[in-house]
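Below: protein-v3.pdb (PDB, C-alpha atoms)
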MODEL        1
ATOM      1  CA  MET A   1     -59.349  16.231  82.739
ATOM      2  CA  ASP A   2     -60.650  16.688  79.221
ATOM      3  CA  ASP A   3     -57.811  19.083  78.423
ATOM      4  CA  LEU A   4     -55.238  16.552  79.596
ATOM      5  CA  PHE A   5     -56.803  13.843  77.469
ATOM      6  CA  VAL A   6     -56.764  16.089  74.409
ATOM      7  CA  PHE A   7     -53.131  16.986  75.052
ATOM      8  CA  ILE A   8     -52.134  13.316  75.286
ATOM      9  CA  ILE A   9     -53.996  12.507  72.065
ATOM     10  CA  LEU A  10     -52.322  15.392  70.229
ATOM     11  CA  THR A  11     -48.908  14.403  71.559
ATOM     12  CA  ILE A  12     -49.351  10.829  70.365
ATOM     13  CA  PHE A  13     -50.624  12.010  66.985
ATOM     14  CA  PHE A  14     -47.706  14.366  66.345
ATOM     15  CA  SER A  15     -45.228  11.746  67.575
ATOM     16  CA  VAL A  16     -46.572   9.181  65.140
ATOM     17  CA  LYS A  17     -46.597  11.781  62.386
ATOM     18  CA  LEU A  18     -42.990  12.676  63.116
ATOM     19  CA  ILE A  19     -41.944   9.014  63.076
ATOM     20  CA  ILE A  20     -43.670   8.468  59.708
ATOM     21  CA  VAL A  21     -41.996  11.525  58.181
ATOM     22  CA  PHE A  22     -38.609  10.401  59.483
ATOM     23  CA  LYS A  23     -39.092   6.886  58.054
ATOM     24  CA  GLN A  24     -40.076   8.282  54.680
ATOM     25  CA  HIS A  25     -37.016  10.525  54.631
ATOM     26  CA  GLU A  26     -34.758   7.598  55.578
ATOM     27  CA  LYS A  27     -36.190   5.414  52.799
ATOM     28  CA  LYS A  28     -35.652   8.238  50.307
ATOM     29  CA  ILE A  29     -31.983   8.534  51.296
ATOM     30  CA  ILE A  30     -31.470   4.765  50.953
ATOM     31  CA  HIS A  31     -33.164   4.777  47.563
ATOM     32  CA  ASN A  32     -30.955   7.629  46.315
ATOM     33  CA  ASN A  33     -27.819   5.821  47.467
ATOM     34  CA  LYS A  34     -28.842   2.697  45.598
ATOM     35  CA  CYS A  35     -29.547   4.639  42.419
ATOM     36  CA  GLU A  36     -26.333   6.651  42.529
ATOM     37  CA  PRO A  37     -24.297   4.365  40.188
ATOM     38  CA  LYS A  38     -27.030   4.579  37.560
ATOM     39  CA  LEU A  39     -27.091   8.336  37.747
ATOM     40  CA  CYS A  40     -23.392   8.402  36.848
ATOM     41  CA  ASN A  41     -24.290   7.093  33.410
ATOM     42  CA  PRO A  42     -26.224   9.865  31.633
ATOM     43  CA  CYS A  43     -27.242   7.521  28.825
ATOM     44  CA  ASP A  44     -29.492   5.546  31.207
ATOM     45  CA  GLN A  45     -31.367   8.601  32.451
ATOM     46  CA  HIS A  46     -31.459  10.789  29.322
ATOM     47  CA  PRO A  47     -30.712   8.635  26.288
ATOM     48  CA  LYS A  48     -31.829  11.301  23.807
ATOM     49  CA  SER A  49     -30.180  14.315  25.397
ATOM     50  CA  ILE A  50     -26.549  13.278  24.658
ATOM     51  CA  ASP A  51     -25.035  14.816  21.545
ATOM     52  CA  ILE A  52     -22.215  12.862  19.862
ATOM     53  CA  VAL A  53     -19.537  15.294  18.701
ATOM     54  CA  LYS A  54     -17.546  14.168  15.667
ATOM     55  CA  PHE A  55     -14.274  15.940  14.991
ATOM     56  CA  ASP A  56     -13.392  16.757  11.422
ATOM     57  CA  ASP A  57     -10.068  15.508  10.029
ATOM     58  CA  GLN A  58      -9.042  19.110   9.450
ATOM     59  CA  ILE A  59      -9.418  19.891  13.174
ATOM     60  CA  VAL A  60      -7.857  16.823  14.769
ATOM     61  CA  PRO A  61      -4.052  17.074  14.426
ATOM     62  CA  LEU A  62      -2.355  14.380  12.394
ATOM     63  CA  ILE A  63       0.713  12.940  14.097
ATOM     64  CA  TYR A  64       3.743  11.918  12.041
ATOM     65  CA  TYR A  65       6.619   9.766  13.258
ATOM     66  CA  ILE A  66       9.512  10.404  10.875
ATOM     67  CA  ASP A  67      12.962   8.858  10.668
ATOM     68  CA  GLY A  68      15.803   8.178   8.256
ATOM     69  CA  SER A  69      18.450   5.500   7.842
ATOM     70  CA  TYR A  70      21.692   6.196   5.947
ATOM     71  CA  SER A  71      24.774   4.198   5.010
ATOM     72  CA  HIS A  72      27.917   6.321   4.663
ATOM     73  CA  ARG A  73      29.743   3.447   2.992
ATOM     74  CA  MET A  74      27.153   2.947   0.255
ATOM     75  CA  GLN A  75      26.152   6.643   0.269
ATOM     76  CA  ILE A  76      22.493   5.715   0.131
ATOM     77  CA  GLY A  77      19.632   6.096   2.578
ATOM     78  CA  HIS A  78      15.926   5.629   3.108
ATOM     79  CA  SER A  79      13.471   8.096   4.615
ATOM     80  CA  GLY A  80       9.954   7.455   5.790
ATOM     81  CA  PHE A  81       7.076   8.238   8.103
ATOM     82  CA  ARG A  82       4.191   6.603   9.906
ATOM     83  CA  ALA A  83       1.047   8.678  10.509
ATOM     84  CA  SER A  84      -1.685   8.403  13.106
ATOM     85  CA  ASP A  85      -4.264   7.799  10.346
ATOM     86  CA  GLY A  86      -2.550   4.501   9.481
ATOM     87  CA  SER A  87      -0.699   5.667   6.376
ATOM     88  CA  SER A  88       3.046   5.202   5.897
ATOM     89  CA  ALA A  89       5.683   5.668   3.197
ATOM     90  CA  VAL A  90       9.398   4.911   2.721
ATOM     91  CA  HIS A  91      11.460   6.377  -0.128
ATOM     92  CA  CYS A  92      15.038   5.866  -1.200
ATOM     93  CA  TYR A  93      17.215   8.972  -0.938
ATOM     94  CA  SER A  94      20.616   9.790  -2.406
ATOM     95  CA  PRO A  95      22.044  12.955  -0.823
ATOM     96  CA  ARG A  96      23.751  15.724  -2.754
ATOM     97  CA  TYR A  97      26.411  16.024  -0.067
ATOM     98  CA  PRO A  98      27.333  12.565   1.278
ATOM     99  CA  ARG A  99      29.089  13.962   4.330
ATOM    100  CA  ARG A 100      25.747  15.104   5.740
ATOM    101  CA  GLY A 101      23.689  12.340   4.190
ATOM    102  CA  SER A 102      22.374  11.128   7.526
ATOM    103  CA  THR A 103      20.909  14.554   8.315
ATOM    104  CA  GLU A 104      19.527  15.013   4.817
ATOM    105  CA  SER A 105      17.700  11.673   5.033
ATOM    106  CA  GLU A 106      15.988  12.875   8.231
ATOM    107  CA  VAL A 107      15.032  16.179   6.611
ATOM    108  CA  TYR A 108      13.703  14.361   3.560
ATOM    109  CA  ALA A 109      11.462  12.285   5.841
ATOM    110  CA  ALA A 110       9.923  15.538   7.095
ATOM    111  CA  CYS A 111       9.342  16.568   3.464
ATOM    112  CA  LEU A 112       7.461  13.341   2.810
ATOM    113  CA  ALA A 113       5.240  13.975   5.827
ATOM    114  CA  ILE A 114       4.415  17.552   4.794
ATOM    115  CA  GLN A 115       3.741  16.469   1.219
ATOM    116  CA  HIS A 116       1.363  13.775   2.483
ATOM    117  CA  ALA A 117      -0.492  16.378   4.546
ATOM    118  CA  MET A 118      -0.863  18.638   1.490
ATOM    119  CA  GLU A 119      -2.362  15.865  -0.600
ATOM    120  CA  ASN A 120      -5.064  14.891   1.938
ATOM    121  CA  PRO A 121      -5.244  17.779   3.263
ATOM    122  CA  TYR A 122      -4.608  18.340   6.981
ATOM    123  CA  THR A 123      -4.274  21.764   8.571
ATOM    124  CA  THR A 124      -2.657  20.798  11.878
ATOM    125  CA  LEU A 125       0.388  18.540  12.007
ATOM    126  CA  ILE A 126       2.517  17.199  14.821
ATOM    127  CA  ILE A 127       5.890  15.929  13.601
ATOM    128  CA  ARG A 128       7.875  13.788  16.025
ATOM    129  CA  THR A 129      11.544  13.326  15.237
ATOM    130  CA  ASP A 130      14.797  12.446  16.975
ATOM    131  CA  ASN A 131      16.881  14.766  14.780
ATOM    132  CA  SER A 132      17.895  18.201  16.066
ATOM    133  CA  LYS A 133      18.224  19.683  12.566
ATOM    134  CA  VAL A 134      14.616  18.880  11.678
ATOM    135  CA  GLU A 135      13.509  20.473  14.944
ATOM    136  CA  GLN A 136      15.556  23.590  14.202
ATOM    137  CA  LEU A 137      14.240  23.887  10.629
ATOM    138  CA  LEU A 138      10.640  23.800  11.817
ATOM    139  CA  ARG A 139      11.058  26.081  14.836
ATOM    140  CA  ARG A 140      13.885  28.493  14.036
ATOM    141  CA  PRO A 141      14.824  28.416  10.317
ATOM    142  CA  LYS A 142      18.010  30.274   9.425
ATOM    143  CA  ASP A 143      18.941  32.204   6.287
ATOM    144  CA  LYS A 144      21.525  29.621   5.204
ATOM    145  CA  ASP A 145      18.907  26.870   5.399
ATOM    146  CA  ASN A 146      17.337  28.234   2.208
ATOM    147  CA  ARG A 147      20.589  27.328   0.470
ATOM    148  CA  ASP A 148      21.545  24.107   2.238
ATOM    149  CA  TYR A 149      18.028  22.632   2.465
ATOM    150  CA  SER A 150      16.224  24.391  -0.349
ATOM    151  CA  PHE A 151      13.996  21.377  -1.096
ATOM    152  CA  PHE A 152      12.678  21.404   2.464
ATOM    153  CA  CYS A 153      12.134  25.166   2.634
ATOM    154  CA  GLN A 154      10.264  25.089  -0.665
ATOM    155  CA  ILE A 155       7.723  22.459   0.358
ATOM    156  CA  LEU A 156       7.335  24.071   3.797
ATOM    157  CA  ASN A 157       6.498  27.440   2.224
ATOM    158  CA  GLU A 158       4.019  25.778  -0.138
ATOM    159  CA  TYR A 159       2.233  24.151   2.784
ATOM    160  CA  ARG A 160       2.014  27.406   4.738
ATOM    161  CA  GLN A 161       0.863  29.424   1.720
ATOM    162  CA  GLU A 162      -1.788  26.868   0.813
ATOM    163  CA  ASN A 163      -3.839  27.786   3.870
ATOM    164  CA  GLU A 164      -3.142  30.485   6.424
ATOM    165  CA  ASN A 165      -4.536  28.197   9.142
ATOM    166  CA  ASN A 166      -1.976  25.464   8.493
ATOM    167  CA  ILE A 167      -0.007  24.740  11.652
ATOM    168  CA  ILE A 168       3.035  22.486  12.138
ATOM    169  CA  GLN A 169       4.236  21.506  15.595
ATOM    170  CA  VAL A 170       7.456  19.601  16.161
ATOM    171  CA  GLU A 171       8.254  17.367  19.129
ATOM    172  CA  ARG A 172      11.686  15.955  19.878
ATOM    173  CA  VAL A 173      11.720  12.234  20.677
ATOM    174  CA  ARG A 174      14.712  10.248  21.886
ATOM    175  CA  GLY A 175      15.553   7.504  19.435
ATOM    176  CA  HIS A 176      17.042   4.027  19.880
ATOM    177  CA  THR A 177      15.199   3.313  23.107
ATOM    178  CA  THR A 178      15.137  -0.017  24.909
ATOM    179  CA  ARG A 179      12.272  -2.482  24.861
ATOM    180  CA  TYR A 180      11.399  -1.559  28.428
ATOM    181  CA  GLU A 181      11.131   2.143  27.560
ATOM    182  CA  GLN A 182       8.971   1.338  24.552
ATOM    183  CA  ASN A 183       6.579  -0.722  26.667
ATOM    184  CA  GLN A 184       6.267   2.147  29.150
ATOM    185  CA  CYS A 185       5.709   4.948  26.613
ATOM    186  CA  GLU A 186       3.423   4.854  23.582
ATOM    187  CA  ILE A 187       5.272   7.665  21.797
ATOM    188  CA  LYS A 188       8.606   5.850  22.045
ATOM    189  CA  ARG A 189       6.973   2.616  20.954
ATOM    190  CA  GLU A 190       5.430   4.190  17.840
ATOM    191  CA  PHE A 191       8.668   5.960  16.965
ATOM    192  CA  ALA A 192      10.611   2.704  17.303
ATOM    193  CA  LYS A 193       8.276   1.135  14.725
ATOM    194  CA  THR A 194       9.187   3.872  12.248
ATOM    195  CA  ASP A 195      12.872   3.410  12.998
ATOM    196  CA  ARG A 196      12.665  -0.321  12.304
ATOM    197  CA  LEU A 197      10.683   0.316   9.117
ATOM    198  CA  VAL A 198      13.282   2.561   7.455
ATOM    199  CA  ARG A 199      16.292   0.597   8.728
ATOM    200  CA  LYS A 200      14.871  -2.655   7.383
ATOM    201  CA  LYS A 201      14.232  -1.035   4.014
ATOM    202  CA  ASN A 202      17.748   0.411   3.846
ATOM    203  CA  HIS A 203      19.461  -2.816   4.927
ATOM    204  CA  ARG A 204      17.514  -4.788   2.340
ATOM    205  CA  TYR A 205      18.515  -2.368  -0.400
ATOM    206  CA  ILE A 206      22.199  -2.492   0.586
ATOM    207  CA  ARG A 207      22.123  -6.291   0.660
ATOM    208  CA  GLN A 208      20.660  -6.378  -2.861
ATOM    209  CA  GLN A 209      23.373  -4.017  -4.112
ATOM    210  CA  ARG A 210      26.093  -6.168  -2.576
ATOM    211  CA  ILE A 211      24.697  -9.286  -4.248
ATOM    212  CA  LYS A 212      24.739  -7.510  -7.619
ATOM    213  CA  ASN A 213      28.338  -6.384  -7.076
ATOM    214  CA  GLU A 214      29.426  -9.881  -6.103
ATOM    215  CA  GLN A 215      27.872 -11.308  -9.255
ATOM    216  CA  TYR A 216      29.568  -8.629 -11.326
ATOM    217  CA  HIS A 217      33.025  -9.365  -9.868
ATOM    218  CA  LEU A 218      32.421 -13.101 -10.196
ATOM    219  CA  TYR A 219      32.284 -12.793 -13.963
ATOM    220  CA  TRP A 220      34.904 -10.103 -14.462
ATOM    221  CA  TYR A 221      37.458 -10.538 -11.718
ATOM    222  CA  PRO A 222      40.677 -12.318 -12.885
ATOM    223  CA  GLN A 223      41.649 -15.385 -10.846
ATOM    224  CA  CYS A 224      45.261 -16.478 -10.401
ATOM    225  CA  TYR A 225      46.425 -20.092 -10.105
ATOM    226  CA  THR A 226      49.984 -21.027  -9.176
ATOM    227  CA  LEU A 227      51.454 -24.088 -10.992
ATOM    228  CA  THR A 228      54.821 -25.666 -10.077
ATOM    229  CA  TYR A 229      56.946 -27.465 -12.664
ATOM    230  CA  TYR A 230      60.121 -28.868 -11.145
ATOM    231  CA  ARG A 231      62.145 -25.835 -10.034
ATOM    232  CA  TYR A 232      60.035 -23.236 -11.830
ATOM    233  CA  THR A 233      56.814 -21.614 -10.657
ATOM    234  CA  VAL A 234      54.330 -20.465 -13.266
ATOM    235  CA  SER A 235      51.294 -18.255 -12.581
ATOM    236  CA  GLN A 236      48.225 -18.773 -14.727
ATOM    237  CA  TYR A 237      45.556 -16.045 -14.949
ATOM    238  CA  ASN A 238      42.026 -16.847 -16.019
ATOM    239  CA  LEU A 239      39.671 -14.018 -16.920
ATOM    240  CA  TYR A 240      35.990 -14.976 -16.752
ATOM    241  CA  PHE A 241      33.333 -13.195 -18.800
TER     242      PHE A 241
ENDMDL
END
Encoded form (structure tokens):
Amino acid sequence: MDDLFVFIILTIFFSVKLIIVFKQHEKKIIHNNKCEPKLCNPCDQHPKSIDIVKFDDQIVPLIYYIDGSYSHRMQIGHSGFRASDGSSAVHCYSPRYPRRGSTESEVYAACLAIQHAMENPYTTLIIRTDNSKVEQLLRRPKDKDNRDYSFFCQILNEYRQENENNIIQVERVRGHTTRYEQNQCEIKREFAKTDRLVRKKNHRYIRQQRIKNEQYHLYWYPQCYTLTYYRYTVSQYNLYF
């Protein structure tokens, strides 16, 4: 009888003990689930163990969006770039060979970007262009390019000889995209801004030249007036200075 009583007491004791352990384990699981979102943020748990890594300007690649605008009628163009560091530049360009002036204005834009990188300096460049000739000059330069585009080859060699770690990557971007494509792609949107920048500069320059030419012809161009006297017609020419 005593043995049975002891057995019942032990059974009850271990049952209660088991229930307590189970409850404690269940509470621990619930507590961990509630704290899980906080554990995803390491700054809340270990605010002093996070190291902030700052990249040097010489390591982070600088991205250039280059483009050119050229008028075959006026034989004048503008070349420019917009960089990821916020800098930009647009220069007027008069080609040596007008028949390929549009291509030369694009190549000159690449020269401006490389020259800007040399002045800062940056060791890794990404040049984005919509011109196939610029892409070919940077990836697969030919022997005749040293003659046809000597100004570009010269500044490219100077940049590469300045530091053996200097790297230039070129990416082809499709130009003249729609507003919808620009809203969907950041690269196309940034390139469109460069396109508008150089075109606006070139159109403004051409408009100023036309106004000057019109003023010049206004003072020098002879004007003819036809006067009729009975059966005879007389032409009178006035030359304005």
Counting only C-alpha atoms, the residue among A:Arg172, A:Ala83, A:Ile114, A:Ser71 that lies closest to Gly101 of chain A is A:Ser71
Non-local contacts of Ala117 of chain A (12 Å; only C-alpha atoms; under 6 positions in same chain excluded) as number ranges by chain: A: 57-58, 61-64, 81, 83-85, 87-88, 110-111, 123-127, 155-156, 158-160, 162-163, 166-168
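Computed from the coordinates, the atom CA of Thr177 of chain A to atom CA of Asp195 of chain A distance equals 10.4 Å.
Neighbours of Asp67 of chain A closer than or equal to 8 Å, with all atoms listed in the file counted and sequence neighbours fewer than 4 positions away skipped, come out as Ser79, Gly80, Phe81, Ser105, Glu106, Ala109, Thr129, Asp130, Thr194, Asp195 and Val198 of chain A.
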Residues proximal to (18.4, 4.1, 5.7) were defined as those with any atom within 6 Å of that point in the file's coordinates, counting only C-alpha atoms. Which are they, as a list in words?
Gly68, Ser69, Tyr70, Gly77, His78, Val198, Arg199 and Asn202 of chain A
What separates atom CA of Pro95 of chain A and atom CA of Phe151 of chain A is a distance of 11.7 Å
Padded axis-aligned box of segment 120-135 of chain A (8 Å per side), centre and edge lengths, Å, one decimal, as AutoDock Vina command-line options:
--center_x 6.5 --center_y 17.1 --center_z 9.5 --size_x 39.5 --size_y 25.3 --size_z 31.0
Here atom CA of Asn120 of chain A and atom CA of Tyr149 of chain A stand apart by 24.4 Å
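Between Arg73 of chain A and the residues A:Arg139, A:His176, A:His116, A:Arg210, the shortest atom-to-atom distance, using all atoms listed in the file, involves A:Arg210.
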Task: Residues selected by the PyMOL selection byres ((chain A and resi 137) around 10), written as number ranges by chain - done: A: 107, 132-136, 138-142, 145-146, 149, 152-153, 156, 170
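Within the 9 Å cut-off around Lys188 of chain A, using all atoms listed in the file and omitting residues fewer than 5 positions from it on the same chain, the listed residues are Val173, Arg174, Gly175, His176, Thr177, Glu181, Gln182, Asn183 and Lys193 of chain A.
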